[in-house]
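Colleague: Structure: my_file.txt, compact mmCIF, C-alpha atoms.
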# COMPACT_ATOMS: atom_id res chain seq x y z
CA MET W 271 -100.54 42.94 32.60
CA THR W 272 -102.17 40.15 34.51
CA SER W 273 -103.76 36.80 33.67
CA PRO W 274 -107.25 35.28 33.62
CA GLU W 275 -106.12 32.94 36.43
CA GLU W 276 -105.01 35.81 38.66
CA ILE W 277 -108.30 37.61 38.07
CA ARG W 278 -110.34 34.47 38.72
CA HIS W 279 -108.46 33.77 41.97
CA SER W 280 -109.03 37.32 43.23
CA ILE W 281 -112.75 37.06 42.51
CA GLU W 282 -113.06 33.59 44.03
CA ARG W 283 -111.29 34.83 47.17
CA ALA W 284 -113.82 37.66 47.50
CA PHE W 285 -116.86 35.54 46.60
CA PRO W 286 -116.31 31.92 47.65
CA GLY W 287 -118.39 29.54 45.53
CA ALA W 288 -119.02 32.13 42.80
CA ARG W 289 -119.30 31.01 39.19
CA VAL W 290 -116.53 32.96 37.43
CA HIS W 291 -115.60 33.17 33.78
CA VAL W 292 -112.67 35.30 32.64
CA GLU W 293 -111.65 35.89 29.06
CA ASP W 294 -108.52 37.63 27.83
CA THR W 295 -110.17 39.30 24.84
CA THR W 296 -107.02 40.26 22.95
CA GLY W 297 -104.52 37.71 24.26
CA ALA W 298 -102.31 40.57 25.43
CA GLY W 299 -103.07 40.23 29.16
CA ASP W 300 -104.64 43.67 29.64
CA HIS W 301 -108.13 43.48 28.08
CA PHE W 302 -110.55 41.21 29.90
CA GLU W 303 -114.20 40.29 29.94
CA ILE W 304 -115.46 38.70 33.14
CA GLU W 305 -118.71 37.13 34.25
CA VAL W 306 -119.47 36.59 37.93
CA THR W 307 -122.53 34.85 39.34
CA THR W 308 -122.85 34.60 43.11
CA PRO W 309 -125.50 34.72 45.85
CA ALA W 310 -123.46 37.63 47.30
CA PHE W 311 -125.04 39.83 44.61
CA SER W 312 -128.66 39.18 45.53
CA GLY W 313 -130.53 42.30 46.55
CA LYS W 314 -127.77 44.52 45.14
CA THR W 315 -128.11 46.96 42.24
CA PRO W 316 -125.95 46.45 39.13
CA VAL W 317 -123.80 49.40 40.24
CA GLU W 318 -123.24 47.82 43.68
CA GLN W 319 -122.46 44.44 42.08
CA HIS W 320 -119.84 45.96 39.78
CA GLN W 321 -118.37 47.96 42.68
CA LEU W 322 -117.88 44.70 44.60
CA VAL W 323 -116.08 43.19 41.61
CA TYR W 324 -113.86 46.28 41.28
CA GLN W 325 -113.05 46.03 45.01
CA ALA W 326 -112.09 42.38 44.58
CA LEU W 327 -109.76 43.38 41.73
CA ASP W 328 -108.42 46.47 43.49
CA THR W 329 -104.74 45.54 43.37
CA LEU W 330 -104.99 44.23 39.79
CA MET W 331 -106.84 47.22 38.31
CA PRO W 332 -103.69 49.29 37.63
CA ARG W 333 -102.48 46.44 35.44
CA ILE W 334 -105.71 46.14 33.46
CA HIS W 335 -106.35 48.51 30.56
CA ALA W 336 -109.89 47.52 29.64
CA LEU W 337 -112.41 45.51 31.61
CA SER W 338 -115.91 44.46 30.74
CA ILE W 339 -117.99 43.09 33.64
CA HIS W 340 -121.20 41.07 33.65
CA THR W 341 -122.75 40.17 36.99
CA ALA W 342 -125.74 38.15 38.13
CA ALA W 343 -127.12 36.97 41.45
CA SER W 344 -127.59 33.22 41.86
CA MET U 350 -109.34 67.73 44.84
CA ALA U 351 -112.11 69.43 46.89
CA GLU U 352 -112.74 72.06 44.23
CA VAL U 353 -113.05 69.58 41.40
CA MET U 354 -115.32 67.41 43.56
CA ASP U 355 -117.63 70.43 44.00
CA GLU U 356 -117.56 71.01 40.25
CA ILE U 357 -118.52 67.38 39.62
CA ALA U 358 -121.40 67.65 42.10
CA ARG U 359 -122.60 70.78 40.24
CA GLU U 360 -122.36 69.09 36.84
CA ILE U 361 -124.36 66.13 38.11
CA ARG U 362 -127.00 68.43 39.60
CA ASP U 363 -127.26 70.67 36.52
CA ASN U 364 -127.36 68.03 33.75
CA LYS U 365 -130.20 65.55 33.59
CA VAL U 366 -128.22 63.14 31.42
CA LEU U 367 -124.47 63.35 31.85
CA VAL U 368 -121.61 61.19 30.66
CA TYR U 369 -117.99 61.36 31.76
CA MET U 370 -116.04 59.97 28.84
CA LYS U 371 -112.69 59.79 27.08
CA GLY U 372 -112.82 62.13 24.10
CA THR U 373 -115.95 63.80 22.80
CA PRO U 374 -119.17 62.34 21.37
CA SER U 375 -117.89 63.19 17.86
CA PHE U 376 -114.37 61.92 18.55
CA PRO U 377 -114.48 59.30 21.31
CA MET U 378 -111.00 58.12 22.33
CA CYS U 379 -112.02 54.74 23.74
CA GLY U 380 -114.30 51.94 22.55
CA PHE U 381 -116.30 51.88 25.79
CA SER U 382 -116.94 55.63 25.64
CA ALA U 383 -117.93 55.31 21.97
CA ALA U 384 -120.36 52.48 22.72
CA THR U 385 -121.94 54.41 25.59
CA VAL U 386 -122.46 57.53 23.48
CA GLN U 387 -123.97 55.35 20.74
CA VAL U 388 -126.58 54.03 23.19
CA LEU U 389 -127.47 57.56 24.32
CA ARG U 390 -127.78 58.65 20.69
CA ASP U 391 -129.96 55.62 19.85
CA ILE U 392 -132.36 56.69 22.57
CA GLY U 393 -132.21 60.25 21.28
CA VAL U 394 -132.30 62.33 24.45
CA PRO U 395 -130.03 65.37 24.80
CA PHE U 396 -127.03 64.71 27.01
CA LYS U 397 -124.00 66.55 28.30
CA ALA U 398 -120.57 64.99 27.81
CA VAL U 399 -117.47 65.79 29.86
CA ASP U 400 -114.13 64.80 28.32
CA VAL U 401 -111.95 63.62 31.21
CA LEU U 402 -108.88 63.47 28.95
CA ALA U 403 -109.09 67.25 28.74
CA GLU U 404 -109.28 67.52 32.55
CA PRO U 405 -106.76 65.14 34.17
CA GLU U 406 -107.70 66.17 37.71
CA LYS U 407 -111.35 65.39 37.02
CA ARG U 408 -110.39 62.05 35.50
CA ASP U 409 -109.05 60.97 38.90
CA ALA U 410 -111.70 62.77 40.95
CA ILE U 411 -114.71 61.21 39.22
CA LYS U 412 -113.39 57.74 40.05
CA VAL U 413 -113.33 58.62 43.74
CA PHE U 414 -116.63 60.51 43.55
CA SER U 415 -118.51 57.56 42.04
CA LYS U 416 -116.46 54.82 43.78
CA TRP U 417 -115.99 53.51 40.24
CA PRO U 418 -112.49 53.02 38.80
CA THR U 419 -113.30 53.20 35.08
CA ILE U 420 -114.54 55.64 32.44
CA PRO U 421 -117.18 56.14 31.00
CA GLN U 422 -119.63 56.93 33.78
CA VAL U 423 -123.25 57.88 33.22
CA TYR U 424 -125.42 59.97 35.54
CA VAL U 425 -129.17 60.26 35.02
CA GLY U 426 -131.31 62.60 37.07
CA GLY U 427 -128.48 63.14 39.54
CA LYS U 428 -127.93 59.41 40.11
CA PHE U 429 -124.99 57.26 39.00
CA ILE U 430 -126.37 54.47 36.84
CA GLY U 431 -123.13 52.77 35.77
CA GLY U 432 -120.53 52.39 33.08
CA CYS U 433 -120.60 50.97 29.58
CA ASP U 434 -121.59 47.40 30.49
CA ILE U 435 -124.54 48.38 32.68
CA VAL U 436 -125.74 51.01 30.20
CA ARG U 437 -125.64 48.49 27.36
CA GLU U 438 -127.38 45.81 29.43
CA MET U 439 -130.11 48.22 30.56
CA HIS U 440 -130.59 49.32 26.94
CA ALA U 441 -130.82 45.70 25.75
CA ARG U 442 -133.53 45.06 28.36
CA GLY U 443 -135.42 48.21 27.31
CA GLU U 444 -134.95 49.79 30.75
CA LEU U 445 -132.73 52.70 29.82
CA ALA U 446 -134.93 54.67 27.39
CA PRO U 447 -137.82 55.18 29.86
CA LEU U 448 -135.36 56.23 32.57
CA LEU U 449 -133.63 58.75 30.28
CA ARG U 450 -136.89 60.14 28.90
CA ALA U 451 -138.31 60.56 32.39
CA ALA U 452 -135.17 62.38 33.52
CA ALA U 453 -134.93 64.54 30.40
CA GLY U 454 -138.62 65.41 30.44
CA ASP U 455 -139.09 66.69 33.96
Render the structure in this file as structure tokens.
Modeller:
Amino acid sequence: MTSPEEIRHSIERAFPGARVHVEDTTGAGDHFEIEVTTPAFSGKTPVEQHQLVYQALDTLMPRIHALSIHTAAS
Amino acid sequence: MAEVMDEIAREIRDNKVLVYMKGTPSFPMCGFSAATVQVLRDIGVPFKAVDVLAEPEKRDAIKVFSKWPTIPQVYVGGKFIGGCDIVREMHARGELAPLLRAAAGD
């Protein structure tokens, strides 16, 4: 288990100034939907963008059961 | 690990549309795998499915192979195109069908 705040902090650390929205979709602390918009994604493919998000969440991933990611470059 | 990595490379080379999933297309064991299969079926191209729950070593290996920590994973024409979210977004934008048909047709 983790929390939307923990996830948001990890992403904001990796992508300073990013617009981040995290939703705990079941309220149980292990299913999340996240949206990240940052200039760091410009010129990157969707796969590369998601890989960067996964890297940012590396230490949290074992505590997350299901994760839906939406990314955009700003 | 090396052997299963070779097997993955072969599967990706030999199948034009390939999905690594939890369960089978008829009995998916995860909502994301089910949704991904549904998109592939909507488009109507033949695809090969590999059930990683039946092959625990491959379940770990594919994550390293693709540098992608989650299942499902979709390969088209030998290239990793993403997981459930990307597949659904590409489908919503109408980008996935042409890609799959081009890969399946050649």
Colleague: Define the interface residues of chain U facing chain W as those within 9 Å, counting all atoms listed in the file, and report them as a list in words.
Modeller: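 Residues satisfying the distance criterion: Phe381, Lys416, Trp417, Pro418, Thr419, Phe429, Ile430, Gly431, Gly432, Cys433, Asp434, Ile435 and Glu438 of chain U.
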Colleague: Using all atoms listed in the file, find all polymer residues with an atom at most 9 Å away from the point (-113.0, 57.8, 24.9); report them as number ranges by chain.
Modeller: U: 370-374, 376-383, 400-402, 420-421
Colleague: So what do you get for CA of Val386 (chain U) versus CA of Ala410 (chain U), distance-wise?
Modeller: 21.2 Å
Colleague: Could you tell me how far CA of Val423 (chain U) lies from CA of Val366 (chain U), in Å and to one decimal?
Modeller: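 Separation of CA of Val423 (chain U) and CA of Val366 (chain U): 7.5 Å.
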Colleague: Taking 5 positions as the minimum chain separation for residues in the same chain, which residues sit within 8 Å of Asn364 (chain U) when counting all atoms listed in the file? Answer as a compact mmCIF listing (two decimals) with C-alpha atoms, keeping the file's coordinate frame.
Modeller:
# COMPACT_ATOMS: atom_id res chain seq x y z
CA PHE U 396 -127.03 64.71 27.01
CA LYS U 397 -124.00 66.55 28.30
CA GLY U 426 -131.31 62.60 37.07
CA GLY U 427 -128.48 63.14 39.54
Colleague: Just the number, please: distance in Å from CA of Lys365 (chain U) to CA of Ile392 (chain U), one decimal.
Modeller: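 Answer for the CA of Lys365 (chain U) to CA of Ile392 (chain U) separation: 14.3 Å.
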Colleague: Find the residues around Gly299 (chain W) up to 6 Å (all atoms listed in the file counted), leave out those fewer than 3 positions away in its own chain, and share them as a VMD selection string.
Modeller: chain W and resid 271 to 273
Colleague: Output region 401-431 of chain U with N, CA and C atoms present, as a PDB file, keeping the file's coordinate frame.
Modeller:
ATOM      1  N   VAL U 401    -112.897  63.655  30.082  1.00  0.00           N
ATOM      2  CA  VAL U 401    -111.950  63.620  31.210  1.00  0.00           C
ATOM      3  C   VAL U 401    -110.493  63.674  30.736  1.00  0.00           C
ATOM      4  N   LEU U 402    -110.264  63.375  29.464  1.00  0.00           N
ATOM      5  CA  LEU U 402    -108.880  63.470  28.950  1.00  0.00           C
ATOM      6  C   LEU U 402    -108.425  64.928  28.898  1.00  0.00           C
ATOM      7  N   ALA U 403    -109.413  65.830  28.766  1.00  0.00           N
ATOM      8  CA  ALA U 403    -109.090  67.250  28.740  1.00  0.00           C
ATOM      9  C   ALA U 403    -108.913  67.817  30.147  1.00  0.00           C
ATOM     10  N   GLU U 404    -109.340  67.051  31.154  1.00  0.00           N
ATOM     11  CA  GLU U 404    -109.280  67.520  32.550  1.00  0.00           C
ATOM     12  C   GLU U 404    -108.721  66.401  33.435  1.00  0.00           C
ATOM     13  N   PRO U 405    -107.394  66.267  33.463  1.00  0.00           N
ATOM     14  CA  PRO U 405    -106.760  65.140  34.170  1.00  0.00           C
ATOM     15  C   PRO U 405    -107.160  65.042  35.644  1.00  0.00           C
ATOM     16  N   GLU U 406    -107.334  66.207  36.294  1.00  0.00           N
ATOM     17  CA  GLU U 406    -107.700  66.170  37.710  1.00  0.00           C
ATOM     18  C   GLU U 406    -109.096  65.563  37.884  1.00  0.00           C
ATOM     19  N   LYS U 407    -109.988  65.922  36.946  1.00  0.00           N
ATOM     20  CA  LYS U 407    -111.350  65.390  37.020  1.00  0.00           C
ATOM     21  C   LYS U 407    -111.382  63.902  36.708  1.00  0.00           C
ATOM     22  N   ARG U 408    -110.467  63.471  35.847  1.00  0.00           N
ATOM     23  CA  ARG U 408    -110.390  62.050  35.500  1.00  0.00           C
ATOM     24  C   ARG U 408    -110.157  61.203  36.759  1.00  0.00           C
ATOM     25  N   ASP U 409    -109.295  61.682  37.643  1.00  0.00           N
ATOM     26  CA  ASP U 409    -109.050  60.970  38.900  1.00  0.00           C
ATOM     27  C   ASP U 409    -110.193  61.191  39.895  1.00  0.00           C
ATOM     28  N   ALA U 410    -110.683  62.427  39.948  1.00  0.00           N
ATOM     29  CA  ALA U 410    -111.700  62.770  40.950  1.00  0.00           C
ATOM     30  C   ALA U 410    -113.007  62.017  40.732  1.00  0.00           C
ATOM     31  N   ILE U 411    -113.405  61.860  39.474  1.00  0.00           N
ATOM     32  CA  ILE U 411    -114.710  61.210  39.220  1.00  0.00           C
ATOM     33  C   ILE U 411    -114.687  59.750  39.665  1.00  0.00           C
ATOM     34  N   LYS U 412    -113.498  59.139  39.604  1.00  0.00           N
ATOM     35  CA  LYS U 412    -113.390  57.740  40.050  1.00  0.00           C
ATOM     36  C   LYS U 412    -113.629  57.621  41.545  1.00  0.00           C
ATOM     37  N   VAL U 413    -113.121  58.598  42.292  1.00  0.00           N
ATOM     38  CA  VAL U 413    -113.330  58.620  43.740  1.00  0.00           C
ATOM     39  C   VAL U 413    -114.783  58.991  44.042  1.00  0.00           C
ATOM     40  N   PHE U 414    -115.265  60.010  43.329  1.00  0.00           N
ATOM     41  CA  PHE U 414    -116.630  60.510  43.550  1.00  0.00           C
ATOM     42  C   PHE U 414    -117.653  59.387  43.415  1.00  0.00           C
ATOM     43  N   SER U 415    -117.518  58.605  42.340  1.00  0.00           N
ATOM     44  CA  SER U 415    -118.510  57.560  42.040  1.00  0.00           C
ATOM     45  C   SER U 415    -118.159  56.218  42.670  1.00  0.00           C
ATOM     46  N   LYS U 416    -116.980  56.125  43.324  1.00  0.00           N
ATOM     47  CA  LYS U 416    -116.460  54.820  43.780  1.00  0.00           C
ATOM     48  C   LYS U 416    -116.477  53.837  42.610  1.00  0.00           C
ATOM     49  N   TRP U 417    -115.930  54.267  41.504  1.00  0.00           N
ATOM     50  CA  TRP U 417    -115.990  53.510  40.240  1.00  0.00           C
ATOM     51  C   TRP U 417    -114.684  53.783  39.498  1.00  0.00           C
ATOM     52  N   PRO U 418    -113.859  52.757  39.270  1.00  0.00           N
ATOM     53  CA  PRO U 418    -112.490  53.020  38.800  1.00  0.00           C
ATOM     54  C   PRO U 418    -112.335  53.189  37.290  1.00  0.00           C
ATOM     55  N   THR U 419    -113.438  53.143  36.545  1.00  0.00           N
ATOM     56  CA  THR U 419    -113.300  53.200  35.080  1.00  0.00           C
ATOM     57  C   THR U 419    -114.163  54.302  34.482  1.00  0.00           C
ATOM     58  N   ILE U 420    -113.806  54.683  33.261  1.00  0.00           N
ATOM     59  CA  ILE U 420    -114.540  55.640  32.440  1.00  0.00           C
ATOM     60  C   ILE U 420    -115.028  54.853  31.225  1.00  0.00           C
ATOM     61  N   PRO U 421    -116.216  55.069  30.727  1.00  0.00           N
ATOM     62  CA  PRO U 421    -117.180  56.140  31.000  1.00  0.00           C
ATOM     63  C   PRO U 421    -118.022  55.892  32.255  1.00  0.00           C
ATOM     64  N   GLN U 422    -118.672  56.982  32.683  1.00  0.00           N
ATOM     65  CA  GLN U 422    -119.630  56.930  33.780  1.00  0.00           C
ATOM     66  C   GLN U 422    -120.844  57.760  33.389  1.00  0.00           C
ATOM     67  N   VAL U 423    -122.022  57.205  33.638  1.00  0.00           N
ATOM     68  CA  VAL U 423    -123.250  57.880  33.220  1.00  0.00           C
ATOM     69  C   VAL U 423    -124.090  58.231  34.454  1.00  0.00           C
ATOM     70  N   TYR U 424    -124.512  59.483  34.499  1.00  0.00           N
ATOM     71  CA  TYR U 424    -125.420  59.970  35.540  1.00  0.00           C
ATOM     72  C   TYR U 424    -126.749  60.371  34.911  1.00  0.00           C
ATOM     73  N   VAL U 425    -127.841  59.927  35.506  1.00  0.00           N
ATOM     74  CA  VAL U 425    -129.170  60.260  35.020  1.00  0.00           C
ATOM     75  C   VAL U 425    -129.991  60.801  36.187  1.00  0.00           C
ATOM     76  N   GLY U 426    -130.500  62.007  36.008  1.00  0.00           N
ATOM     77  CA  GLY U 426    -131.310  62.600  37.070  1.00  0.00           C
ATOM     78  C   GLY U 426    -130.563  62.698  38.393  1.00  0.00           C
ATOM     79  N   GLY U 427    -129.266  62.964  38.324  1.00  0.00           N
ATOM     80  CA  GLY U 427    -128.480  63.140  39.540  1.00  0.00           C
ATOM     81  C   GLY U 427    -127.973  61.839  40.161  1.00  0.00           C
ATOM     82  N   LYS U 428    -128.291  60.705  39.523  1.00  0.00           N
ATOM     83  CA  LYS U 428    -127.930  59.410  40.110  1.00  0.00           C
ATOM     84  C   LYS U 428    -126.963  58.677  39.176  1.00  0.00           C
ATOM     85  N   PHE U 429    -125.950  58.050  39.777  1.00  0.00           N
ATOM     86  CA  PHE U 429    -124.990  57.260  39.000  1.00  0.00           C
ATOM     87  C   PHE U 429    -125.650  55.959  38.566  1.00  0.00           C
ATOM     88  N   ILE U 430    -125.706  55.714  37.267  1.00  0.00           N
ATOM     89  CA  ILE U 430    -126.370  54.470  36.840  1.00  0.00           C
ATOM     90  C   ILE U 430    -125.386  53.424  36.336  1.00  0.00           C
ATOM     91  N   GLY U 431    -124.113  53.801  36.106  1.00  0.00           N
ATOM     92  CA  GLY U 431    -123.130  52.770  35.770  1.00  0.00           C
ATOM     93  C   GLY U 431    -122.223  53.173  34.633  1.00  0.00           C
TER      94      GLY U 431
END
